[in-house]
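Note: the block below is run_17.cif and it holds mmCIF, C-alpha atoms and all ligand atoms.
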```
data_query
loop_
_atom_site.label_atom_id
_atom_site.label_comp_id
_atom_site.auth_asym_id
_atom_site.auth_seq_id
_atom_site.Cartn_x
_atom_site.Cartn_y
_atom_site.Cartn_z
CA MET A 1 0.00 0.00 0.00
CA GLU A 2 1.11 3.54 -0.63
CA TYR A 3 0.00 6.99 0.53
CA VAL A 4 -0.18 9.49 -2.30
CA LYS A 5 -0.71 13.21 -2.79
CA CYS A 6 -3.32 14.71 -5.09
CA ASP A 7 -2.63 13.82 -8.72
CA LEU A 8 -4.41 16.94 -9.98
CA CYS A 9 -2.92 19.73 -7.83
CA GLY A 10 -0.11 18.07 -5.85
CA SER A 11 -1.55 18.94 -2.43
CA GLU A 12 -1.03 16.52 0.45
CA LYS A 13 -4.01 17.91 2.38
CA HIS A 14 -7.10 15.75 2.22
CA GLU A 15 -10.06 14.66 4.32
CA PRO A 16 -11.86 11.30 4.47
CA VAL A 17 -15.20 11.02 2.66
CA ALA A 18 -16.09 7.32 2.83
CA ARG A 19 -14.73 3.95 3.93
CA GLN A 20 -15.64 0.62 2.38
CA THR A 21 -14.40 -2.83 1.58
CA ASP A 22 -14.87 -4.62 -1.73
CA ARG A 23 -18.61 -5.25 -1.38
CA LEU A 24 -19.14 -5.51 -5.14
CA HIS A 25 -16.51 -8.06 -6.20
CA ARG A 26 -15.39 -9.53 -2.84
CA ALA A 27 -11.78 -9.85 -3.94
CA THR A 28 -10.70 -8.67 -0.46
CA GLU A 29 -12.08 -7.83 2.99
CA GLU A 30 -9.62 -4.99 3.59
CA ILE A 31 -11.14 -1.57 4.27
CA PHE A 32 -10.27 1.34 1.94
CA THR A 33 -10.78 5.09 2.33
CA ILE A 34 -11.87 7.65 -0.25
CA VAL A 35 -10.43 11.09 0.48
CA ARG A 36 -11.17 14.54 -0.92
CA CYS A 37 -8.35 16.97 -1.71
CA VAL A 38 -9.02 20.10 0.39
CA GLU A 39 -7.28 22.26 -2.23
CA CYS A 40 -8.93 21.21 -5.51
CA GLY A 41 -11.71 18.79 -4.49
CA LEU A 42 -10.42 15.72 -6.36
CA HIS A 43 -11.57 12.45 -4.73
CA TYR A 44 -9.17 9.53 -4.63
CA THR A 45 -8.49 6.28 -2.81
CA ASN A 46 -5.77 6.78 -0.19
CA PRO A 47 -3.85 4.75 0.83
CA ARG A 48 -4.08 2.52 -2.21
CA PRO A 49 -2.50 -0.65 -3.61
CA THR A 50 0.74 0.04 -5.48
CA LEU A 51 1.06 -0.71 -9.19
CA ALA A 52 2.70 -4.02 -8.23
CA GLU A 53 -0.12 -4.90 -5.79
CA ILE A 54 -3.24 -3.81 -7.68
CA GLY A 55 -3.50 -6.94 -9.86
CA ARG A 56 -4.52 -9.18 -6.99
CA TYR A 57 -7.49 -6.94 -6.16
CA TYR A 58 -9.09 -7.62 -9.53
CA ALA A 59 -11.54 -10.49 -9.17
CA ALA A 60 -11.12 -13.20 -11.81
CA GLY A 61 -12.99 -12.19 -14.94
CA TYR A 62 -13.31 -8.61 -13.71
CA ALA A 63 -15.46 -6.55 -16.07
CA PHE A 64 -18.22 -4.49 -14.52
CA HIS A 65 -19.24 -2.74 -17.72
CA ALA A 66 -18.01 -5.26 -20.25
CA ASP A 67 -20.10 -6.92 -22.88
CA ALA A 68 -17.21 -7.71 -25.21
CA PRO A 69 -14.98 -10.79 -25.44
CA GLY A 70 -11.71 -11.10 -23.53
CA TRP A 71 -8.97 -9.37 -25.48
CA ARG A 72 -11.27 -6.66 -26.75
CA ARG A 73 -12.42 -5.94 -23.21
CA ARG A 74 -8.87 -5.72 -21.96
CA LEU A 75 -8.03 -3.33 -24.74
CA ASP A 76 -10.96 -1.14 -23.75
CA ARG A 77 -9.94 -1.24 -20.15
CA THR A 78 -6.64 0.37 -20.85
CA LEU A 79 -6.56 2.68 -23.83
CA ASP A 80 -7.64 2.63 -27.45
CA VAL A 81 -5.85 4.82 -29.84
CA LEU A 82 -7.03 5.04 -33.41
CA ALA A 83 -4.57 6.19 -36.00
CA LYS A 84 -5.75 7.28 -39.47
CA SER A 85 -6.82 3.82 -40.24
CA PRO A 86 -5.53 0.85 -38.42
CA LEU A 87 -6.64 0.36 -34.86
CA ALA A 88 -3.92 0.64 -32.26
CA GLY A 89 -3.89 0.23 -28.51
CA VAL A 90 -2.05 0.19 -25.24
CA GLU A 91 -2.40 -3.14 -23.46
CA VAL A 92 -0.67 -4.25 -20.26
CA SER A 93 -1.06 -8.01 -20.74
CA ALA A 94 1.62 -9.71 -22.86
CA ALA A 95 -0.82 -12.48 -23.82
CA ALA A 96 -3.45 -9.97 -24.94
CA ARG A 97 -0.80 -7.99 -26.85
CA ALA A 98 0.18 -11.16 -28.70
CA ALA A 99 -3.47 -11.75 -29.67
CA LEU A 100 -3.82 -8.15 -30.84
CA THR A 101 -0.63 -8.35 -32.90
CA THR A 102 -1.92 -11.54 -34.54
CA ALA A 103 -5.11 -9.68 -35.39
CA GLY A 104 -3.03 -7.00 -37.11
CA ILE A 105 -3.52 -4.37 -34.41
CA ARG A 106 -0.50 -2.37 -33.37
CA CYS A 107 -0.12 -2.19 -29.61
CA TRP A 108 2.30 -1.13 -26.93
CA PRO A 109 2.70 -2.27 -23.30
CA ASN A 110 2.42 1.24 -21.81
CA LEU A 111 2.11 4.90 -22.72
CA ALA A 112 5.84 5.54 -22.53
CA SER A 113 6.59 3.05 -25.30
CA VAL A 114 4.32 4.74 -27.87
CA PRO A 115 6.73 6.49 -30.30
CA PRO A 116 6.67 10.28 -29.71
CA GLU A 117 5.93 11.00 -33.38
CA GLU A 118 2.68 8.93 -33.40
CA ARG A 119 -0.49 11.02 -33.83
CA PHE A 120 -4.00 9.71 -33.38
CA GLY A 121 -7.32 10.96 -34.71
CA LEU A 122 -9.25 9.34 -31.88
CA ILE A 123 -8.17 8.28 -28.41
CA ARG A 124 -10.76 6.38 -26.43
CA MET A 125 -10.72 5.52 -22.73
CA ASN A 126 -13.74 3.47 -21.69
CA TRP A 127 -14.07 3.25 -17.91
CA SER A 128 -10.33 3.01 -17.47
CA LEU A 129 -9.12 6.41 -16.21
CA GLU A 130 -10.58 5.71 -12.74
CA HIS A 131 -8.32 2.65 -12.53
CA VAL A 132 -4.95 4.19 -13.40
CA HIS A 133 -2.36 5.30 -10.83
CA SER A 134 -1.70 8.68 -12.44
CA PRO A 135 -4.47 10.20 -14.61
CA ARG A 136 -2.21 13.16 -15.43
CA GLU A 137 0.05 10.85 -17.48
CA TYR A 138 -2.95 10.09 -19.69
CA PHE A 139 -3.91 13.75 -20.15
CA SER A 140 -0.29 14.51 -21.00
CA PHE A 141 -0.38 11.64 -23.51
CA MET A 142 -3.57 12.99 -25.13
CA ALA A 143 -2.07 16.47 -25.40
CA ARG A 144 1.07 15.10 -27.09
CA HIS A 145 -0.47 12.43 -29.32
CA LEU A 146 -3.81 13.80 -30.55
CA SER A 147 -3.68 15.01 -34.12
CA GLY A 148 -4.67 18.64 -34.72
CA GLN A 149 -8.31 17.77 -35.35
CA GLY A 150 -8.25 14.68 -33.14
CA GLN A 151 -10.57 13.97 -30.23
CA ALA A 152 -10.33 11.99 -27.02
CA ILE A 153 -13.46 10.28 -25.73
CA ILE A 154 -13.44 9.49 -22.02
CA THR A 155 -16.11 7.61 -20.10
CA VAL A 156 -15.78 7.31 -16.32
CA PRO A 157 -18.12 7.06 -13.32
CA ASN A 158 -19.43 10.47 -12.19
CA TYR A 159 -18.87 10.88 -8.45
CA ASN A 160 -21.44 13.69 -8.56
CA GLY A 161 -24.00 11.12 -9.70
CA LEU A 162 -27.16 10.29 -7.75
CA ILE A 163 -25.94 6.88 -6.57
CA TYR A 164 -22.80 8.39 -5.01
CA ARG A 165 -24.84 11.19 -3.41
CA LEU A 166 -27.01 8.53 -1.79
CA ALA A 167 -24.06 6.32 -0.85
CA PRO A 168 -20.56 7.85 -1.21
CA GLU A 169 -19.05 4.45 -0.36
CA CYS A 170 -20.86 2.72 -3.26
CA VAL A 171 -17.64 2.44 -5.23
CA GLU A 172 -15.57 -0.39 -6.68
CA LEU A 173 -12.79 -0.37 -4.09
CA PRO A 174 -9.88 -0.64 -4.19
CA VAL A 175 -9.67 -0.95 -7.99
CA HIS A 176 -11.15 2.51 -8.54
CA LEU A 177 -8.32 4.81 -7.52
CA TYR A 178 -10.02 8.05 -8.62
CA HIS A 179 -13.62 9.23 -8.24
CA PHE A 180 -13.99 12.06 -10.75
CA ARG A 181 -16.63 14.75 -11.04
CA PRO A 182 -17.11 16.54 -14.39
CA GLU A 183 -15.20 19.59 -13.11
CA ASP A 184 -12.18 17.41 -12.29
CA ILE A 185 -11.94 16.19 -15.89
CA VAL A 186 -12.24 19.81 -17.08
CA ALA A 187 -9.48 20.88 -14.65
CA TYR A 188 -7.15 18.13 -15.91
CA ALA A 189 -7.93 19.01 -19.54
CA ASN A 190 -7.22 22.70 -18.92
CA GLN A 191 -3.84 21.87 -17.36
CA TYR A 192 -2.80 20.21 -20.61
CA GLY A 193 -4.27 22.71 -23.07
CA LEU A 194 -7.20 20.47 -24.01
CA SER A 195 -10.71 21.82 -24.39
CA VAL A 196 -14.06 20.17 -23.75
CA VAL A 197 -16.05 19.57 -26.95
CA GLU A 198 -18.92 17.78 -25.24
CA ALA A 199 -19.78 16.55 -21.74
CA LYS A 200 -22.83 14.71 -20.51
CA THR A 201 -23.87 12.36 -17.73
CA PHE A 202 -25.98 9.22 -18.01
CA SER A 203 -27.12 6.27 -15.89
CA TYR A 204 -27.79 2.54 -16.06
CA PRO A 205 -30.75 1.30 -13.94
CA GLU A 206 -28.81 -1.97 -13.49
CA MET A 207 -26.28 -0.17 -11.34
CA PHE A 208 -28.93 0.55 -8.70
CA ARG A 209 -29.98 -3.10 -8.66
CA ALA A 210 -26.38 -4.34 -8.35
CA ALA A 211 -25.64 -1.87 -5.53
CA ALA A 212 -28.89 -2.69 -3.68
CA GLU A 213 -28.16 -6.41 -3.96
CA VAL A 214 -24.96 -6.06 -1.91
CA GLY A 215 -26.60 -3.70 0.60
CA LEU A 216 -24.92 -0.50 -0.55
CA LEU A 217 -28.15 1.49 -0.98
CA PRO A 218 -31.03 2.41 1.35
CA PRO A 219 -33.67 -0.38 1.46
CA VAL A 220 -36.10 1.69 -0.64
CA PHE A 221 -34.10 0.51 -3.68
CA PRO A 222 -35.15 -3.03 -4.57
CA ALA A 223 -32.41 -5.63 -5.11
CA ARG A 224 -34.70 -7.44 -7.54
CA GLN A 225 -36.03 -5.35 -10.38
CA SER A 226 -38.82 -6.38 -12.65
CA ILE A 227 -38.56 -4.97 -16.15
CA GLY A 228 -41.30 -2.50 -15.15
CA VAL A 229 -39.26 -1.24 -12.19
CA ALA A 230 -36.12 -0.99 -14.36
CA ILE A 231 -38.03 1.11 -16.90
CA ALA A 232 -39.50 3.30 -14.16
CA ILE A 233 -36.01 3.87 -12.71
CA ARG A 234 -34.65 4.68 -16.15
CA ASP A 235 -37.39 7.24 -16.77
CA PHE A 236 -36.80 8.73 -13.31
CA LEU A 237 -33.06 9.03 -14.04
CA LYS A 238 -33.34 10.81 -17.41
CA PRO A 239 -33.97 14.35 -16.12
CA LEU A 240 -31.27 13.82 -13.46
CA ASP A 241 -28.80 12.93 -16.22
CA GLN A 242 -29.44 16.32 -17.78
CA LEU A 243 -28.73 18.00 -14.43
CA GLY A 244 -25.32 16.30 -14.28
CA TRP A 245 -26.48 13.72 -11.70
CA GLY A 246 -26.03 10.70 -13.96
CA ASN A 247 -23.83 8.00 -12.46
CA ASP A 248 -21.48 7.92 -15.44
CA MET A 249 -20.18 10.63 -17.71
CA LEU A 250 -18.84 11.01 -21.21
CA VAL A 251 -16.42 13.80 -22.00
CA VAL A 252 -15.01 14.57 -25.45
CA LEU A 253 -11.76 16.56 -25.54
CA SER A 254 -9.78 18.14 -28.31
CA LYS A 255 -6.71 20.30 -28.55
CA SER A 256 -7.66 23.88 -27.81
CA ARG A 257 -8.97 25.96 -30.70
CA ARG A 258 -6.07 28.34 -30.39
CA GLU A 259 -3.54 25.51 -30.86
CA ASN A 260 -5.48 24.17 -33.84
CA GLN A 261 -5.50 27.63 -35.35
CA ALA A 262 -1.76 28.02 -34.74
CA GLY A 263 -1.22 24.58 -36.31
CA ARG A 264 -3.13 25.59 -39.44
CA ASP A 265 -1.37 28.94 -39.68
CA ALA A 266 2.08 27.37 -39.38
ZN ZN B 301 -5.91 18.50 -5.32
#
```

Let's see the structure in the file written out as C-alpha cells.
Amino acid sequence: MEYVKCDLCGSEKHEPVARQTDRLHRATEEIFTIVRCVECGLHYTNPRPTLAEIGRYYAAGYAFHADAPGWRRRLDRTLDVLAKSPLAGVEVSAAARAALTTAGIRCWPNLASVPPEERFGLIRMNWSLEHVHSPREYFSFMARHLSGQGQAIITVPNYNGLIYRLAPECVELPVHLYHFRPEDIVAYANQYGLSVVEAKTFSYPEMFRAAAEVGLLPPVFPARQSIGVAIAIRDFLKPLDQLGWGNDMLVVLSKSRRENQAGRDA
C-alpha cells in the first residue's frame, strides 16, 4: 500500500469522505478510504495498492461494464488509440498484446513506449481512467499524441452522480483509484491545453440493482427489479442525467482551438 498526494494539484491535504471494503466483487475484505483533496476537491483512494499490488485486487474475470470478449475488453480497459486507419492500442497483458498483434492491431505495453511522433485521430478511454495510478500521465499523452483535429473520448463514473450522493461508499474499491466529477476532468484538460467539446452524464438502472443487492443502498431501492421497475427507474433518471447527476459521464476533448489555429497557420 502507498499513501499518495493529489494527482491533480499536488496537495497533500485531504479529508476522508467514505470507507468501504470490496462489497461488489469480494476480492478482499480490507477496508479502503476515499479522500477529498481540500485544495482542488479531487476524490481519490488513499492509501491505495501500489502498481505491483493492484492486480490481486481484480476479481477473476473482472469486467463491470463489459459486454465484449476477452482481449477486446482488456483493450478497452486500458486505452484505445485510433490512428488514421488501423486500430492501435495500449495493453498491459503480454498475452493480450500477442493476440492483438496476430489480429493486425499495433499495440504497446504502456504509454511511454508509444513512439513520440505517433499522432492519433481518436483516443478512447472506456471506464479506465478511474483505474490508473496517475491520470495526469494520460492527459499529458492525449495532449502530445492527438492530431490537430483529433478527439479523445473518455467515459468514467461520475462521483457527482445520484448513486454516489445517496451512498458515497458505493464504489468499486480498491480498484477505482479516482472518483472524478465533471469539473475534475475539465481541470485536468485545462492543465494540458485540451478543451471540452462535449460533456454529458448518463445512468444505467442496473447499477442501482447491483448496488442494492450487496446492501450498498437504502432499502427503498429493490435488489430485484422487474422490467417494469427498471423502466420506471430509467425514466426517473433521465432528467437527473441532464442536471449532471447521472452515475457515469462522457467527456469529449480536443486540442484547444487556439492551438489548432496556430497549427493551421504554421
Ligand atoms: Zn488536489

Taking into account all atoms listed in the file, which residue in the set A:Leu173, A:Arg119, A:Ala88, A:Thr101 is nearest to Asp22 (chain A)? A:Leu173

If we count only C-alpha atoms and set the cut-off at 12 Å, which residues sit around Asn46 (chain A), ignoring sequence neighbours fewer than 2 positions away in its own chain? Please answer as JSON, numbers by chain. {"A": [1, 2, 3, 4, 5, 6, 7, 12, 13, 14, 15, 16, 17, 18, 19, 20, 31, 32, 33, 34, 35, 36, 37, 42, 43, 44, 48, 49, 50, 133, 173, 174, 175, 176, 177, 178, 179]}

Give me, as a tab-separated table, the closest atom pair and its distance (Å, one decimal) for every residue of chain A within a cut-off of 6 Å of ligand ZN 301 (chain B), counting all atoms listed in the file, rows sorted by chain and rising number.
```
residue	atom	partner	partner_atom	distance
A:Cys6	CA	B:ZN301	ZN	4.6
A:Leu8	CA	B:ZN301	ZN	5.1
A:Cys9	CA	B:ZN301	ZN	4.1
A:Gly10	CA	B:ZN301	ZN	5.8
A:Ser11	CA	B:ZN301	ZN	5.2
A:Cys37	CA	B:ZN301	ZN	4.6
A:Glu39	CA	B:ZN301	ZN	5.1
A:Cys40	CA	B:ZN301	ZN	4.1
A:Gly41	CA	B:ZN301	ZN	5.9
A:Leu42	CA	B:ZN301	ZN	5.4
```

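With distances taken over all atoms listed in the file, A:Asp241 is the one residue among A:Ile227, A:Asp241, A:Phe180, A:Leu216 lying closest to Phe202 (chain A).
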
Of the listed residues A:Tyr138, A:Tyr192, A:Phe208, A:Phe236, that which approaches Ser256 (chain A) most closely, counting only C-alpha atoms: A:Tyr192

For CA of Trp127 (chain A) and CA of Asn158 (chain A), determine how far apart the two atoms are, in Å to one decimal place. 10.7 Å

Kindly give the distance, in Å, that separates CA of Ser254 (chain A) and CA of Val114 (chain A), rounded to a single decimal.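 These atoms are spaced 19.5 Å apart.
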
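Nearest residue to Ile54 (chain A), choosing from A:Phe120, A:Pro109, A:His131, A:Cys170 and counting all atoms listed in the file: A:His131.
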
Export of region 183-204 of chain A: C-alpha atoms, as a compact mmCIF listing (two decimals), in the first residue's frame:
```txt
# COMPACT_ATOMS: atom_id res chain seq x y z
CA GLU A 183 -15.20 19.59 -13.11
CA ASP A 184 -12.18 17.41 -12.29
CA ILE A 185 -11.94 16.19 -15.89
CA VAL A 186 -12.24 19.81 -17.08
CA ALA A 187 -9.48 20.88 -14.65
CA TYR A 188 -7.15 18.13 -15.91
CA ALA A 189 -7.93 19.01 -19.54
CA ASN A 190 -7.22 22.70 -18.92
CA GLN A 191 -3.84 21.87 -17.36
CA TYR A 192 -2.80 20.21 -20.61
CA GLY A 193 -4.27 22.71 -23.07
CA LEU A 194 -7.20 20.47 -24.01
CA SER A 195 -10.71 21.82 -24.39
CA VAL A 196 -14.06 20.17 -23.75
CA VAL A 197 -16.05 19.57 -26.95
CA GLU A 198 -18.92 17.78 -25.24
CA ALA A 199 -19.78 16.55 -21.74
CA LYS A 200 -22.83 14.71 -20.51
CA THR A 201 -23.87 12.36 -17.73
CA PHE A 202 -25.98 9.22 -18.01
CA SER A 203 -27.12 6.27 -15.89
CA TYR A 204 -27.79 2.54 -16.06
```
